Amino acid sequence: MKTQTPLERFYNFLKLDRKDIYQIFFYAIFAGLVSLSLPLGIQAIINLIQSARVSASWVVLVVVVVIGVALVGILSIMQLRITENLQQKIFIRSSFEFGYRLPKIKFEELYNQYPPELANRFFETLTIQKGISKLLIDFSTALLQITFGIILLSLYHPFFIFFGVLLLVLLYSIFRFSYESGLSTSLKESKYKYKVVGWLQEIARNNFSFRKKENFEFALYKNDLLVSEYLNYREKHFNIIKRQFSQLIVFKIIITASLLLIGGFLVIKQQMNIGQFVAAEIIILLVINSVEKIIVGLETFYDVITSIEKIGQISDLKMEETSSKEKDTCFTKINLEAENISYTFPDSSSSVLDSINLKIDSCERILLEGDNGSGKTTLIRILSGLMQPNSGALYINDDTYQKIDLNQYHSQIGTIIHGETPFEGTILENITFNNPLVSTEDLKWAIEGVDLGSFIKSLPEGLNTKIYPEGKQLSSSNAQKILLARSIINKPKILFYEDPLEKMDEGTANKIIDFITDSKQQWTVIVACKNSYWSKKCTRKISLSQGKIIADAQNQFVC
């Protein structure tokens, strides 16, 4: 899929809310026409005043001008209402976009990424909210005032047509010759902004380690390096904005002086009357202020484009492929077959798995053995559908003619992988995810099965006890028990475990292993763990070395 340019992303982003944007433009056009009718009213009033008589026409014109000012204000309020609705929709859409994508991004796409840092990109939504609102109101109003102003000025004297052409050339030149460098420095500035935030996250996550004086100094030293790079690109970006504004100031000086001199000359030569001269100067000031608004707003434009690009980089990450059709498949059992599976990490030249052929029948209890780096964890993640092999295929129940529907498959399995922790919420939410299909009996069965009951009973709020992020207030063993209860609560067909009991004492771990491997449980167990008790309770041991299966000892039983 072709990667979109930042401007293409911006255009496609605006297309989502084109109806709202059309309304904003409509109000801007109407407000622009009303605004530019005011100089004509002022011109007429001045001409009447010059006659030194108070008349009904003069009073009517004053009333019309005042009504015009009020009408422009009302139209501005209506624009604000629309942009507020637009900001709310942007926030809602962005939050659900992140919420939908983050759990489904392919493992390979996250290989050298830190998912919490990617989630931080959501805060670019706030920049987009404010920036889009400013751009749509200020830019639309300014562009229309410039357009209508030039047309109106050209009616006063042909000279003003030259003024309009010069103005358009200026705007194009400023944008054309600074857009690339402005966007480039803005993107690099944003890159180092996230590097600073990422490092601060690391300090916060490992705050105990950084309390030591030498480590603390290193934390500040690295922070200084990252901030220096950020300031470097920030300064470069500011210099571009400053150059654009300097060009505008020079232009304003030249245009203002020229128009005052030429306008005065035309009045003296009686090619314009004094009312037309005043009206023309008012229009010129409006046009110049509109140009200034656009030039100053370019910084907001760069910020919005950069923010959309940053969020777009998350949207570009490939997600797991799932079936577009809902399947109503209910497996009574699951048999797996891996055929010539190989896997190589994105930044590696050697395979971590090499031509793995493996058949797993329902209800087997399988222990994966091997030294660190032998491929156990990778094999579990491929078998569980978390990762896709570079070559070879994974089949369910001899279904060699259809791709695995990952949604359907994930609903049939339970997993615990390295680094998984409880999330912020109640214990009940962490175990059941508020699934209404989970019965009270199943909940009690899962809690008692992983030896979590006595702990929950000791809590004043029981299952409704709030858990902090990563389960910080829990002991490591109780945090693991919650993950274990979560993995079995829906009575899956297969359990995939990576060191699920490493934080528990031997007696508790053995008790849970007995429960997990009991022949009464109608599931397959595939576990990678160094706990020797698994070896005694599992019916099959598969040994790996350097990505290959070197031994497969089997003693199967059937559910």
# chains A, B, ... in the order shown; residues from 1 in each chain; ligands from 1
>>> residues_around(residues="range 431-444 of chain A", least_positions_apart="4", cutoff="8 Å", atoms="only C-alpha atoms", output="number ranges by chain")
A: 427, 448, 482-483, 485-486, 489-490
>>> write_last_selection(atoms="N, CA and C atoms", output="compact mmCIF listing (two decimals), in the first residue's frame")
# COMPACT_ATOMS: atom_id res chain seq x y z
N ILE A 427 -10.84 -5.92 39.96
CA ILE A 427 -10.40 -7.31 39.79
C ILE A 427 -11.39 -8.06 38.89
N GLU A 448 -11.13 -20.08 42.33
CA GLU A 448 -10.67 -21.13 43.23
C GLU A 448 -9.60 -21.99 42.57
N ILE A 482 -4.37 -13.43 38.84
CA ILE A 482 -5.45 -12.74 38.11
C ILE A 482 -5.33 -13.03 36.62
N LEU A 483 -4.10 -13.02 36.09
CA LEU A 483 -3.91 -13.34 34.68
C LEU A 483 -4.30 -14.78 34.38
N ALA A 485 -6.54 -16.60 36.07
CA ALA A 485 -8.01 -16.67 36.11
C ALA A 485 -8.60 -16.11 34.82
N ARG A 486 -8.02 -15.02 34.33
CA ARG A 486 -8.47 -14.42 33.07
C ARG A 486 -8.33 -15.40 31.92
N ILE A 489 -11.19 -18.28 32.29
CA ILE A 489 -12.56 -17.95 32.68
C ILE A 489 -13.59 -18.38 31.63
N ASN A 490 -13.21 -18.36 30.35
CA ASN A 490 -14.14 -18.73 29.29
C ASN A 490 -14.00 -20.20 28.87
>>> residues_around(residues="Arg234 in chain A", least_positions_apart="4", cutoff="10 Å", atoms="only C-alpha atoms", output="MDAnalysis selection string")
chainID A and resid 185:190 192:193 228:230 238:239
>>> select_by_dssp(residues="range 203-425 of chain A", states="helix (DSSP H, G or I)", output="short mmCIF file (atom, residue, chain, number, x, y, z; two decimals) with N, CA and C atoms, in the first residue's frame")
data_model
loop_
_atom_site.label_atom_id
_atom_site.label_comp_id
_atom_site.auth_asym_id
_atom_site.auth_seq_id
_atom_site.Cartn_x
_atom_site.Cartn_y
_atom_site.Cartn_z
N ILE A 203 12.25 6.90 32.73
CA ILE A 203 12.65 7.33 34.08
C ILE A 203 11.53 7.02 35.07
N ALA A 204 10.30 7.32 34.68
CA ALA A 204 9.16 7.06 35.57
C ALA A 204 8.97 5.58 35.81
N ARG A 205 9.15 4.77 34.75
CA ARG A 205 8.93 3.32 34.87
C ARG A 205 10.01 2.67 35.72
N SER A 209 15.46 2.76 40.14
CA SER A 209 16.83 2.61 39.66
C SER A 209 17.52 3.95 39.50
N PHE A 210 16.75 4.99 39.19
CA PHE A 210 17.36 6.29 38.92
C PHE A 210 17.51 7.13 40.19
N ARG A 211 17.23 6.57 41.34
CA ARG A 211 17.41 7.34 42.58
C ARG A 211 18.88 7.43 42.99
N LYS A 213 22.63 8.38 42.87
CA LYS A 213 23.17 9.64 42.39
C LYS A 213 23.73 9.54 40.97
N GLU A 214 24.58 8.52 40.71
CA GLU A 214 25.19 8.39 39.39
C GLU A 214 24.13 8.14 38.32
N ASN A 215 23.14 7.30 38.66
CA ASN A 215 22.08 6.99 37.70
C ASN A 215 21.19 8.20 37.44
N PHE A 216 20.96 8.96 38.51
CA PHE A 216 20.16 10.18 38.39
C PHE A 216 20.83 11.18 37.45
N GLU A 217 22.14 11.30 37.59
CA GLU A 217 22.89 12.22 36.73
C GLU A 217 22.84 11.76 35.28
N PHE A 218 22.90 10.44 35.06
CA PHE A 218 22.79 9.92 33.70
C PHE A 218 21.42 10.24 33.11
N ALA A 219 20.37 10.12 33.93
CA ALA A 219 19.01 10.41 33.46
C ALA A 219 18.92 11.86 32.98
N LEU A 220 19.48 12.78 33.75
CA LEU A 220 19.45 14.19 33.37
C LEU A 220 20.35 14.47 32.17
N TYR A 221 21.50 13.75 32.11
CA TYR A 221 22.42 13.93 30.99
C TYR A 221 21.74 13.53 29.66
N LYS A 222 21.10 12.36 29.66
CA LYS A 222 20.44 11.90 28.44
C LYS A 222 19.25 12.82 28.10
N ASN A 223 18.55 13.26 29.13
CA ASN A 223 17.44 14.18 28.90
C ASN A 223 17.95 15.48 28.26
N ASP A 224 19.12 15.94 28.71
CA ASP A 224 19.71 17.16 28.15
C ASP A 224 20.06 16.97 26.68
N LEU A 225 20.59 15.80 26.31
CA LEU A 225 20.93 15.53 24.91
C LEU A 225 19.68 15.57 24.03
N LEU A 226 18.62 14.92 24.49
CA LEU A 226 17.39 14.86 23.71
C LEU A 226 16.73 16.24 23.60
N VAL A 227 16.72 16.97 24.72
CA VAL A 227 16.13 18.31 24.70
C VAL A 227 16.93 19.24 23.79
N SER A 228 18.25 19.07 23.77
CA SER A 228 19.10 19.90 22.89
C SER A 228 18.75 19.67 21.42
N GLU A 229 18.54 18.41 21.05
CA GLU A 229 18.14 18.10 19.67
C GLU A 229 16.77 18.69 19.36
N TYR A 230 15.86 18.59 20.33
CA TYR A 230 14.53 19.17 20.14
C TYR A 230 14.63 20.68 19.92
N LEU A 231 15.41 21.35 20.77
CA LEU A 231 15.55 22.81 20.65
C LEU A 231 16.22 23.19 19.34
N ASN A 232 17.14 22.34 18.88
CA ASN A 232 17.82 22.61 17.61
C ASN A 232 16.82 22.69 16.46
N TYR A 233 15.95 21.68 16.36
CA TYR A 233 14.96 21.67 15.27
C TYR A 233 13.84 22.67 15.53
N ARG A 234 13.55 22.92 16.79
CA ARG A 234 12.55 23.95 17.12
C ARG A 234 13.03 25.32 16.64
N GLU A 235 14.31 25.58 16.86
CA GLU A 235 14.89 26.86 16.44
C GLU A 235 14.90 26.97 14.91
N LYS A 236 15.24 25.87 14.24
CA LYS A 236 15.23 25.88 12.77
C LYS A 236 13.83 26.16 12.25
N HIS A 237 12.84 25.54 12.88
CA HIS A 237 11.46 25.75 12.45
C HIS A 237 11.04 27.20 12.71
N PHE A 238 11.44 27.72 13.86
CA PHE A 238 11.10 29.12 14.18
C PHE A 238 11.72 30.08 13.17
N ASN A 239 12.95 29.78 12.74
CA ASN A 239 13.62 30.66 11.77
C ASN A 239 12.85 30.73 10.45
N ILE A 240 12.23 29.61 10.08
CA ILE A 240 11.42 29.60 8.85
C ILE A 240 10.18 30.47 9.04
N ILE A 241 9.53 30.31 10.19
CA ILE A 241 8.35 31.14 10.49
C ILE A 241 8.74 32.61 10.55
N LYS A 242 9.89 32.89 11.16
CA LYS A 242 10.37 34.28 11.27
C LYS A 242 10.65 34.86 9.89
N ARG A 243 11.26 34.06 9.02
CA ARG A 243 11.55 34.54 7.67
C ARG A 243 10.26 34.87 6.91
N GLN A 244 9.26 34.01 7.06
CA GLN A 244 7.98 34.26 6.41
C GLN A 244 7.35 35.57 6.91
N PHE A 245 7.41 35.76 8.21
CA PHE A 245 6.81 36.97 8.78
C PHE A 245 7.61 38.21 8.39
N SER A 246 8.92 38.08 8.29
CA SER A 246 9.75 39.22 7.87
C SER A 246 9.41 39.63 6.45
N GLN A 247 9.20 38.65 5.58
CA GLN A 247 8.80 38.95 4.21
C GLN A 247 7.46 39.68 4.18
N LEU A 248 6.56 39.27 5.08
CA LEU A 248 5.26 39.94 5.16
C LEU A 248 5.41 41.39 5.60
N ILE A 249 6.28 41.64 6.57
CA ILE A 249 6.46 43.01 7.07
C ILE A 249 6.99 43.93 5.97
N VAL A 250 7.98 43.43 5.21
CA VAL A 250 8.53 44.22 4.09
C VAL A 250 7.43 44.52 3.09
N PHE A 251 6.62 43.49 2.80
CA PHE A 251 5.52 43.66 1.85
C PHE A 251 4.52 44.70 2.36
N LYS A 252 4.18 44.64 3.65
CA LYS A 252 3.21 45.58 4.22
C LYS A 252 3.72 47.01 4.12
N ILE A 253 5.01 47.20 4.39
CA ILE A 253 5.59 48.55 4.33
C ILE A 253 5.49 49.10 2.90
N ILE A 254 5.91 48.28 1.93
CA ILE A 254 5.92 48.73 0.54
C ILE A 254 4.49 49.01 0.06
N ILE A 255 3.59 48.08 0.32
CA ILE A 255 2.21 48.21 -0.17
C ILE A 255 1.51 49.40 0.49
N THR A 256 1.67 49.54 1.81
CA THR A 256 1.00 50.64 2.52
C THR A 256 1.47 51.99 2.01
N ALA A 257 2.79 52.14 1.88
CA ALA A 257 3.33 53.41 1.39
C ALA A 257 2.86 53.68 -0.04
N SER A 258 2.91 52.64 -0.88
CA SER A 258 2.54 52.81 -2.28
C SER A 258 1.08 53.19 -2.42
N LEU A 259 0.22 52.50 -1.69
CA LEU A 259 -1.21 52.74 -1.83
C LEU A 259 -1.61 54.10 -1.28
N LEU A 260 -0.98 54.53 -0.20
CA LEU A 260 -1.29 55.85 0.34
C LEU A 260 -0.88 56.94 -0.64
N LEU A 261 0.31 56.78 -1.21
CA LEU A 261 0.79 57.78 -2.16
C LEU A 261 -0.05 57.79 -3.44
N ILE A 262 -0.29 56.59 -3.97
CA ILE A 262 -1.04 56.51 -5.23
C ILE A 262 -2.50 56.89 -5.01
N GLY A 263 -3.08 56.44 -3.87
CA GLY A 263 -4.46 56.80 -3.56
C GLY A 263 -4.61 58.30 -3.41
N GLY A 264 -3.65 58.93 -2.72
CA GLY A 264 -3.69 60.39 -2.56
C GLY A 264 -3.56 61.09 -3.91
N PHE A 265 -2.67 60.56 -4.75
CA PHE A 265 -2.49 61.14 -6.09
C PHE A 265 -3.78 61.06 -6.91
N LEU A 266 -4.49 59.92 -6.81
CA LEU A 266 -5.74 59.75 -7.56
C LEU A 266 -6.82 60.70 -7.06
N VAL A 267 -6.83 60.96 -5.73
CA VAL A 267 -7.80 61.91 -5.18
C VAL A 267 -7.50 63.32 -5.68
N ILE A 268 -6.19 63.67 -5.67
CA ILE A 268 -5.79 65.01 -6.13
C ILE A 268 -6.16 65.20 -7.60
N ILE A 274 -12.98 61.51 -1.99
CA ILE A 274 -12.44 61.23 -0.66
C ILE A 274 -13.11 60.02 -0.02
N GLY A 275 -14.41 59.84 -0.28
CA GLY A 275 -15.12 58.68 0.28
C GLY A 275 -14.59 57.38 -0.30
N GLN A 276 -14.33 57.37 -1.61
CA GLN A 276 -13.76 56.18 -2.24
C GLN A 276 -12.36 55.89 -1.72
N PHE A 277 -11.59 56.98 -1.50
CA PHE A 277 -10.23 56.81 -0.98
C PHE A 277 -10.25 56.16 0.40
N VAL A 278 -11.12 56.66 1.29
CA VAL A 278 -11.22 56.10 2.65
C VAL A 278 -11.69 54.64 2.59
N ALA A 279 -12.70 54.37 1.74
CA ALA A 279 -13.21 53.01 1.62
C ALA A 279 -12.13 52.07 1.08
N ALA A 280 -11.38 52.56 0.07
CA ALA A 280 -10.31 51.74 -0.51
C ALA A 280 -9.24 51.42 0.53
N GLU A 281 -8.89 52.43 1.36
CA GLU A 281 -7.88 52.20 2.39
C GLU A 281 -8.37 51.19 3.42
N ILE A 282 -9.66 51.26 3.77
CA ILE A 282 -10.22 50.29 4.72
C ILE A 282 -10.14 48.87 4.15
N ILE A 283 -10.50 48.75 2.86
CA ILE A 283 -10.44 47.43 2.21
C ILE A 283 -9.01 46.93 2.17
N ILE A 284 -8.09 47.82 1.84
CA ILE A 284 -6.67 47.43 1.76
C ILE A 284 -6.17 46.95 3.12
N LEU A 285 -6.55 47.67 4.17
CA LEU A 285 -6.15 47.25 5.52
C LEU A 285 -6.73 45.87 5.86
N LEU A 286 -8.00 45.65 5.48
CA LEU A 286 -8.62 44.34 5.71
C LEU A 286 -7.86 43.24 4.97
N VAL A 287 -7.50 43.54 3.71
CA VAL A 287 -6.80 42.55 2.90
C VAL A 287 -5.42 42.25 3.47
N ILE A 288 -4.69 43.32 3.86
CA ILE A 288 -3.35 43.12 4.42
C ILE A 288 -3.43 42.35 5.73
N ASN A 289 -4.41 42.68 6.57
CA ASN A 289 -4.59 41.94 7.83
C ASN A 289 -4.93 40.47 7.57
N SER A 290 -5.69 40.22 6.50
CA SER A 290 -6.03 38.84 6.15
C SER A 290 -4.78 38.08 5.70
N VAL A 291 -3.93 38.76 4.92
CA VAL A 291 -2.67 38.14 4.50
C VAL A 291 -1.81 37.82 5.72
N GLU A 292 -1.75 38.79 6.65
CA GLU A 292 -0.98 38.58 7.87
C GLU A 292 -1.53 37.39 8.67
N LYS A 293 -2.86 37.27 8.71
CA LYS A 293 -3.49 36.16 9.44
C LYS A 293 -3.10 34.81 8.83
N ILE A 294 -3.02 34.77 7.50
CA ILE A 294 -2.64 33.52 6.82
C ILE A 294 -1.18 33.19 7.09
N ILE A 295 -0.30 34.19 7.00
CA ILE A 295 1.14 33.95 7.21
C ILE A 295 1.40 33.48 8.64
N VAL A 296 0.79 34.18 9.60
CA VAL A 296 0.96 33.79 11.01
C VAL A 296 0.36 32.40 11.23
N GLY A 297 -0.74 32.12 10.53
CA GLY A 297 -1.40 30.83 10.69
C GLY A 297 -0.66 29.66 10.08
N LEU A 298 0.39 29.94 9.29
CA LEU A 298 1.16 28.84 8.70
C LEU A 298 1.80 27.97 9.77
N GLU A 299 2.16 28.55 10.91
CA GLU A 299 2.71 27.74 12.00
C GLU A 299 1.68 26.73 12.48
N THR A 300 0.43 27.18 12.61
CA THR A 300 -0.65 26.27 12.98
C THR A 300 -0.85 25.21 11.91
N PHE A 301 -0.73 25.63 10.64
CA PHE A 301 -0.87 24.69 9.53
C PHE A 301 0.20 23.60 9.62
N TYR A 302 1.45 23.99 9.88
CA TYR A 302 2.52 23.00 10.02
C TYR A 302 2.24 22.06 11.20
N ASP A 303 1.76 22.62 12.30
CA ASP A 303 1.47 21.80 13.48
C ASP A 303 0.39 20.76 13.18
N VAL A 304 -0.66 21.20 12.47
CA VAL A 304 -1.76 20.28 12.14
C VAL A 304 -1.28 19.19 11.20
N ILE A 305 -0.54 19.58 10.15
CA ILE A 305 -0.03 18.59 9.19
C ILE A 305 0.87 17.58 9.90
N THR A 306 1.74 18.08 10.79
CA THR A 306 2.64 17.20 11.53
C THR A 306 1.86 16.25 12.42
N SER A 307 0.84 16.76 13.11
CA SER A 307 0.04 15.91 14.00
C SER A 307 -0.72 14.84 13.23
N ILE A 308 -1.28 15.22 12.08
CA ILE A 308 -1.98 14.23 11.26
C ILE A 308 -1.00 13.18 10.74
N GLU A 309 0.21 13.60 10.39
CA GLU A 309 1.23 12.66 9.93
C GLU A 309 1.62 11.70 11.05
N LYS A 310 1.77 12.21 12.28
CA LYS A 310 2.15 11.36 13.41
C LYS A 310 1.06 10.31 13.70
N ILE A 311 -0.20 10.75 13.70
CA ILE A 311 -1.29 9.80 13.92
C ILE A 311 -1.40 8.86 12.72
N GLY A 312 -1.15 9.40 11.52
CA GLY A 312 -1.21 8.57 10.32
C GLY A 312 -0.20 7.46 10.33
N GLN A 313 0.94 7.67 10.99
CA GLN A 313 1.94 6.61 11.08
C GLN A 313 1.43 5.42 11.90
N ILE A 314 0.54 5.69 12.85
CA ILE A 314 -0.10 4.60 13.59
C ILE A 314 -1.09 3.87 12.68
N SER A 315 -1.84 4.65 11.90
CA SER A 315 -2.81 4.05 10.98
C SER A 315 -2.12 3.21 9.90
N LYS A 376 11.35 -21.22 21.83
CA LYS A 376 10.13 -21.64 22.53
C LYS A 376 9.05 -20.54 22.50
N THR A 377 9.44 -19.35 22.91
CA THR A 377 8.48 -18.24 22.98
C THR A 377 7.93 -17.91 21.60
N THR A 378 8.80 -17.88 20.60
CA THR A 378 8.35 -17.58 19.24
C THR A 378 7.36 -18.63 18.75
N LEU A 379 7.64 -19.90 19.03
CA LEU A 379 6.73 -20.97 18.61
C LEU A 379 5.37 -20.82 19.27
N ILE A 380 5.35 -20.50 20.57
CA ILE A 380 4.07 -20.30 21.27
C ILE A 380 3.30 -19.15 20.64
N ARG A 381 3.99 -18.09 20.31
CA ARG A 381 3.30 -16.91 19.76
C ARG A 381 2.78 -17.16 18.35
N ILE A 382 3.47 -17.99 17.60
CA ILE A 382 2.95 -18.35 16.27
C ILE A 382 1.76 -19.29 16.40
N LEU A 383 1.87 -20.29 17.27
CA LEU A 383 0.76 -21.23 17.46
C LEU A 383 -0.49 -20.53 18.00
N LEU A 406 -8.69 -15.32 12.67
CA LEU A 406 -8.03 -15.03 13.95
C LEU A 406 -9.03 -14.65 15.04
N ASN A 407 -10.09 -13.92 14.68
CA ASN A 407 -11.09 -13.58 15.70
C ASN A 407 -11.71 -14.83 16.30
N GLN A 408 -12.07 -15.77 15.42
CA GLN A 408 -12.68 -17.01 15.89
C GLN A 408 -11.68 -17.82 16.71
N TYR A 409 -10.44 -17.88 16.22
CA TYR A 409 -9.41 -18.66 16.90
C TYR A 409 -9.09 -18.08 18.28
N HIS A 410 -8.94 -16.75 18.35
CA HIS A 410 -8.62 -16.12 19.63
C HIS A 410 -9.72 -16.33 20.67
#
>>> closest_residue(among="A:Thr524, A:Thr5, A:Thr83, A:Thr539", to="Phe496 in chain A", atoms="only C-alpha atoms")
A:Thr524
>>> closest_residue(among="A:Leu428, A:Gly373, A:Tyr497, A:Val165", to="Glu461 in chain A", atoms="only C-alpha atoms")
A:Leu428
>>> closest_residue(among="A:Asn531, A:Asn120, A:Ser384, A:Ser475", to="Ile494 in chain A", atoms="only C-alpha atoms")
A:Ser384
>>> residues_around(residues="Leu495 in chain A", least_positions_apart="4", cutoff="7 Å", atoms="only C-alpha atoms", output="number ranges by chain")
A: 413-415, 524-526
>>> write_last_selection(atoms="all heavy atoms", output="PDB file, in the first residue's frame")
ATOM      1  N   ILE A 413      -9.004 -19.617  22.698  1.00  0.00           N
ATOM      2  CA  ILE A 413      -7.742 -19.854  23.408  1.00  0.00           C
ATOM      3  C   ILE A 413      -7.594 -18.917  24.595  1.00  0.00           C
ATOM      4  O   ILE A 413      -8.250 -17.881  24.684  1.00  0.00           O
ATOM      5  CB  ILE A 413      -6.523 -19.693  22.462  1.00  0.00           C
ATOM      6  CG1 ILE A 413      -6.385 -18.227  22.021  1.00  0.00           C
ATOM      7  CG2 ILE A 413      -6.651 -20.605  21.252  1.00  0.00           C
ATOM      8  CD1 ILE A 413      -5.151 -17.951  21.165  1.00  0.00           C
ATOM      9  N   GLY A 414      -6.719 -19.309  25.528  1.00  0.00           N
ATOM     10  CA  GLY A 414      -6.325 -18.463  26.641  1.00  0.00           C
ATOM     11  C   GLY A 414      -4.815 -18.324  26.634  1.00  0.00           C
ATOM     12  O   GLY A 414      -4.104 -19.296  26.336  1.00  0.00           O
ATOM     13  N   THR A 415      -4.307 -17.138  26.927  1.00  0.00           N
ATOM     14  CA  THR A 415      -2.862 -16.913  26.834  1.00  0.00           C
ATOM     15  C   THR A 415      -2.334 -16.114  28.017  1.00  0.00           C
ATOM     16  O   THR A 415      -3.058 -15.315  28.615  1.00  0.00           O
ATOM     17  CB  THR A 415      -2.497 -16.130  25.550  1.00  0.00           C
ATOM     18  OG1 THR A 415      -3.176 -14.867  25.565  1.00  0.00           O
ATOM     19  CG2 THR A 415      -2.900 -16.891  24.305  1.00  0.00           C
ATOM     20  N   THR A 524      -6.301 -28.127  25.765  1.00  0.00           N
ATOM     21  CA  THR A 524      -4.908 -28.433  25.463  1.00  0.00           C
ATOM     22  C   THR A 524      -4.050 -27.398  26.183  1.00  0.00           C
ATOM     23  O   THR A 524      -4.431 -26.233  26.274  1.00  0.00           O
ATOM     24  CB  THR A 524      -4.648 -28.343  23.945  1.00  0.00           C
ATOM     25  OG1 THR A 524      -5.542 -29.230  23.284  1.00  0.00           O
ATOM     26  CG2 THR A 524      -3.217 -28.712  23.604  1.00  0.00           C
ATOM     27  N   VAL A 525      -2.915 -27.827  26.705  1.00  0.00           N
ATOM     28  CA  VAL A 525      -1.993 -26.916  27.382  1.00  0.00           C
ATOM     29  C   VAL A 525      -0.655 -26.942  26.654  1.00  0.00           C
ATOM     30  O   VAL A 525      -0.097 -28.020  26.417  1.00  0.00           O
ATOM     31  CB  VAL A 525      -1.778 -27.305  28.859  1.00  0.00           C
ATOM     32  CG1 VAL A 525      -0.792 -26.332  29.524  1.00  0.00           C
ATOM     33  CG2 VAL A 525      -3.091 -27.319  29.607  1.00  0.00           C
ATOM     34  N   ILE A 526      -0.176 -25.757  26.280  1.00  0.00           N
ATOM     35  CA  ILE A 526       1.152 -25.619  25.678  1.00  0.00           C
ATOM     36  C   ILE A 526       1.889 -24.569  26.482  1.00  0.00           C
ATOM     37  O   ILE A 526       1.501 -23.398  26.500  1.00  0.00           O
ATOM     38  CB  ILE A 526       1.060 -25.209  24.197  1.00  0.00           C
ATOM     39  CG1 ILE A 526       0.218 -26.229  23.425  1.00  0.00           C
ATOM     40  CG2 ILE A 526       2.450 -25.077  23.584  1.00  0.00           C
ATOM     41  CD1 ILE A 526      -0.066 -25.832  21.994  1.00  0.00           C
TER      42      ILE A 526
END
>>> closest_residue(among="A:Leu110, A:Leu168, A:Ile24, A:Pro115", to="Phe139 in chain A", atoms="only C-alpha atoms")
A:Ile24
>>> atom_distance(atom1="CA of Lys541 in chain A", atom2="CA of Thr508 in chain A")
22.7 Å
>>> closest_residue(among="A:Arg18, A:Gln546, A:Thr125, A:Ile334", to="Ser350 in chain A", atoms="only C-alpha atoms")
A:Gln546
>>> atom_distance(atom1="CA of Lys333 in chain A", atom2="CA of Cys538 in chain A")
18.7 Å
>>> residues_around(residues="Val352 in chain A", least_positions_apart="4", cutoff="12 Å", atoms="only C-alpha atoms", output="NGL selection string")
:A and (341-348 or 356 or 372-379 or 382 or 389-390 or 544-549)
>>> atom_distance(atom1="CA of Ile467 in chain A", atom2="CA of Gly385 in chain A")
28.5 Å
>>> residues_around(residues="Ala479 in chain A", least_positions_apart="4", cutoff="9 Å", atoms="only C-alpha atoms", output="tab-separated table (two decimals) with all heavy atoms, in the first residue's frame")
chain	number	residue	atom	x	y	z
A	421	THR	N	0.40	-7.71	32.21
A	421	THR	CA	0.07	-7.30	33.58
A	421	THR	C	-1.41	-6.95	33.66
A	421	THR	O	-2.05	-6.71	32.63
A	421	THR	CB	0.89	-6.06	34.00
A	421	THR	OG1	0.56	-4.97	33.13
A	421	THR	CG2	2.39	-6.34	33.95
A	422	PRO	N	-1.96	-6.89	34.87
A	422	PRO	CA	-3.35	-6.40	35.00
A	422	PRO	C	-3.45	-4.95	34.55
A	422	PRO	O	-2.48	-4.20	34.61
A	422	PRO	CB	-3.61	-6.53	36.51
A	422	PRO	CG	-2.65	-7.56	36.99
A	422	PRO	CD	-1.42	-7.38	36.16
A	470	GLU	N	-0.77	-1.85	35.84
A	470	GLU	CA	0.25	-2.89	36.02
A	470	GLU	C	0.09	-3.62	37.36
A	470	GLU	O	0.99	-4.36	37.77
A	470	GLU	CB	1.66	-2.33	35.88
A	470	GLU	CG	1.94	-1.73	34.52
A	470	GLU	CD	3.37	-1.26	34.37
A	470	GLU	OE1	4.23	-1.63	35.21
A	470	GLU	OE2	3.64	-0.52	33.41
A	471	GLY	N	-1.02	-3.42	38.05
A	471	GLY	CA	-1.25	-4.11	39.31
A	471	GLY	C	-0.23	-3.74	40.38
A	471	GLY	O	0.23	-4.59	41.15
A	472	LYS	N	0.12	-2.45	40.46
A	472	LYS	CA	1.21	-2.01	41.33
A	472	LYS	C	0.98	-2.32	42.81
A	472	LYS	O	1.93	-2.56	43.55
A	472	LYS	CB	1.45	-0.50	41.15
A	472	LYS	CG	2.06	-0.12	39.82
A	472	LYS	CD	3.45	-0.67	39.65
A	472	LYS	CE	4.12	-0.18	38.38
A	472	LYS	NZ	5.45	-0.77	38.20
A	474	LEU	N	-0.58	-4.87	44.01
A	474	LEU	CA	-0.70	-6.31	44.24
A	474	LEU	C	0.67	-6.94	44.38
A	474	LEU	O	1.67	-6.44	43.85
A	474	LEU	CB	-1.42	-6.97	43.06
A	474	LEU	CG	-2.82	-6.48	42.70
A	474	LEU	CD1	-3.29	-7.17	41.43
A	474	LEU	CD2	-3.80	-6.77	43.84
A	475	SER	N	0.72	-8.04	45.08
A	475	SER	CA	1.95	-8.84	45.07
A	475	SER	C	2.09	-9.45	43.68
A	475	SER	O	1.10	-9.64	42.96
A	475	SER	CB	1.88	-9.95	46.13
A	475	SER	OG	0.89	-10.90	45.79
A	483	LEU	N	-4.10	-13.02	36.09
A	483	LEU	CA	-3.91	-13.34	34.68
A	483	LEU	C	-4.30	-14.78	34.38
A	483	LEU	O	-4.88	-15.07	33.32
A	483	LEU	CB	-2.45	-13.10	34.28
A	483	LEU	CG	-1.92	-11.67	34.40
A	483	LEU	CD1	-0.47	-11.61	33.93
A	483	LEU	CD2	-2.77	-10.70	33.59
A	484	LEU	N	-3.98	-15.68	35.30
A	484	LEU	CA	-4.35	-17.09	35.12
A	484	LEU	C	-5.87	-17.26	35.12
A	484	LEU	O	-6.43	-17.97	34.28
A	484	LEU	CB	-3.74	-17.95	36.23
A	484	LEU	CG	-2.24	-18.27	36.08
A	484	LEU	CD1	-1.67	-18.73	37.41
A	484	LEU	CD2	-2.03	-19.34	35.01
